[in-house]
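Read the structure below first, then the notes.
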Amino acid sequence: MQSEASGPQEAATSKRLVRAGLMGLSGGLLLGGLALLALGIYTRMVPVDCLDLSDVQCGFTRDASVSMGRFQTLMGAGLLALGIAGVLLLRQPKAPAPTPSSPG
């Protein structure tokens, strides 16, 4: 197996392949962050079912649910931030605008 690309065409192809893989990873971070953020918000907003629980058990379950929802929300927001940063870092740079040559 060759460790280096033998020509400029292969180098460009391998660079595009790595970029596509990293964009896929960033997309996964975005989707996972969005799902975790939604789950955390849902966990914090939905009331705990305390029908068969005592007062102490219900209080513990409610506190655990709120804490877990807060943690999920924070981690989801963090994953979203990482995904957005990855997309911004990997986007194609714009080609510089050609400057008019001045006769001189």
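If you're wondering about the labels, chains in the structure tokens are A, B, ... by order shown, residues count from 1 in each chain, ligands from 1 in order shown.
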Enumerate the residues of chain A with a DSSP assignment of helix (DSSP H, G or I), computed from the backbone, and present them as an MDAnalysis selection string. chainID A and resid 8:45 55:90
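Excluding Tyr42 of chain A itself and same-chain residues fewer than 5 positions from it, the residues having an atom within 10 Å of it are Leu36, Leu37, Pro47, Gly69, Gln72 and Thr73 of chain A, counting only C-alpha atoms.
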With only C-alpha atoms as the counted atoms, please give the residues lying no more than 8 Å from segment 22-34 of chain A, apart from itself and same-chain residues fewer than 5 positions off, as a PyMOL selection string. chain A and resi 75-84+86-87+90
Taking all heavy atoms for each residue, export the selection above as a compact mmCIF listing (two decimals), in the first residue's frame.
```txt
# COMPACT_ATOMS: atom_id res chain seq x y z
N MET A 75 -25.17 18.83 27.57
CA MET A 75 -24.35 18.01 26.67
C MET A 75 -24.84 18.12 25.23
O MET A 75 -24.05 18.13 24.29
CB MET A 75 -24.34 16.55 27.12
CG MET A 75 -23.63 16.32 28.43
SD MET A 75 -21.93 16.89 28.41
CE MET A 75 -21.98 18.21 29.60
N GLY A 76 -26.15 18.22 25.03
CA GLY A 76 -26.68 18.41 23.69
C GLY A 76 -26.26 19.73 23.09
O GLY A 76 -25.88 19.81 21.92
N ALA A 77 -26.27 20.77 23.91
CA ALA A 77 -25.82 22.08 23.42
C ALA A 77 -24.33 22.06 23.10
O ALA A 77 -23.88 22.65 22.11
CB ALA A 77 -26.12 23.16 24.47
N GLY A 78 -23.55 21.33 23.90
CA GLY A 78 -22.12 21.21 23.62
C GLY A 78 -21.85 20.46 22.33
O GLY A 78 -20.99 20.85 21.54
N LEU A 79 -22.58 19.38 22.09
CA LEU A 79 -22.42 18.64 20.83
C LEU A 79 -22.83 19.50 19.64
O LEU A 79 -22.19 19.44 18.57
CB LEU A 79 -23.24 17.35 20.86
CG LEU A 79 -22.66 16.20 21.66
CD1 LEU A 79 -23.63 15.03 21.67
CD2 LEU A 79 -21.33 15.76 21.10
N LEU A 80 -23.89 20.25 19.80
CA LEU A 80 -24.30 21.16 18.72
C LEU A 80 -23.21 22.18 18.42
O LEU A 80 -22.91 22.45 17.25
CB LEU A 80 -25.59 21.90 19.10
CG LEU A 80 -26.89 21.27 18.68
CD1 LEU A 80 -28.05 22.06 19.25
CD2 LEU A 80 -27.00 21.16 17.20
N ALA A 81 -22.61 22.73 19.46
CA ALA A 81 -21.54 23.71 19.25
C ALA A 81 -20.34 23.08 18.54
O ALA A 81 -19.74 23.69 17.65
CB ALA A 81 -21.11 24.30 20.60
N LEU A 82 -19.98 21.85 18.93
CA LEU A 82 -18.87 21.16 18.25
C LEU A 82 -19.19 20.89 16.79
O LEU A 82 -18.33 21.03 15.91
CB LEU A 82 -18.55 19.86 18.97
CG LEU A 82 -17.76 19.97 20.26
CD1 LEU A 82 -17.65 18.60 20.92
CD2 LEU A 82 -16.38 20.52 19.99
N GLY A 83 -20.42 20.47 16.52
CA GLY A 83 -20.81 20.20 15.13
C GLY A 83 -20.79 21.46 14.28
O GLY A 83 -20.32 21.44 13.14
N ILE A 84 -21.28 22.55 14.83
CA ILE A 84 -21.28 23.82 14.09
C ILE A 84 -19.85 24.29 13.85
O ILE A 84 -19.51 24.74 12.75
CB ILE A 84 -22.10 24.89 14.84
CG1 ILE A 84 -23.58 24.53 14.79
CG2 ILE A 84 -21.86 26.28 14.27
CD1 ILE A 84 -24.45 25.37 15.69
N GLY A 86 -17.21 22.40 13.59
CA GLY A 86 -16.63 21.53 12.57
C GLY A 86 -17.07 21.91 11.17
O GLY A 86 -16.26 21.94 10.24
N VAL A 87 -18.34 22.21 11.01
CA VAL A 87 -18.85 22.62 9.69
C VAL A 87 -18.20 23.93 9.27
O VAL A 87 -17.81 24.11 8.11
CB VAL A 87 -20.39 22.74 9.72
CG1 VAL A 87 -20.91 23.43 8.48
CG2 VAL A 87 -21.02 21.37 9.85
N LEU A 90 -14.63 23.37 8.13
CA LEU A 90 -14.44 22.55 6.94
C LEU A 90 -15.07 23.12 5.68
O LEU A 90 -14.92 22.54 4.61
CB LEU A 90 -15.02 21.15 7.18
CG LEU A 90 -14.27 20.32 8.20
CD1 LEU A 90 -15.05 19.07 8.51
CD2 LEU A 90 -12.90 19.98 7.68
```
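Atom CA of Arg16 of chain A is positioned 24.8 Å from atom CA of Pro98 of chain A.
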Skipping near chain neighbours, those fewer than 5 positions away, what residues fall within 12 Å of Gly59 of chain A using only C-alpha atoms, listed as a list in words? Pro47, Val48, Asp49, Cys50, Leu53, Ser54, Ala64, Ser65 and Val66 of chain A
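Residues lying within 12 Å of Leu51 of chain A, counting only C-alpha atoms and ignoring same-chain neighbours fewer than 6 positions away, are Gln57, Cys58 and Thr61 of chain A.
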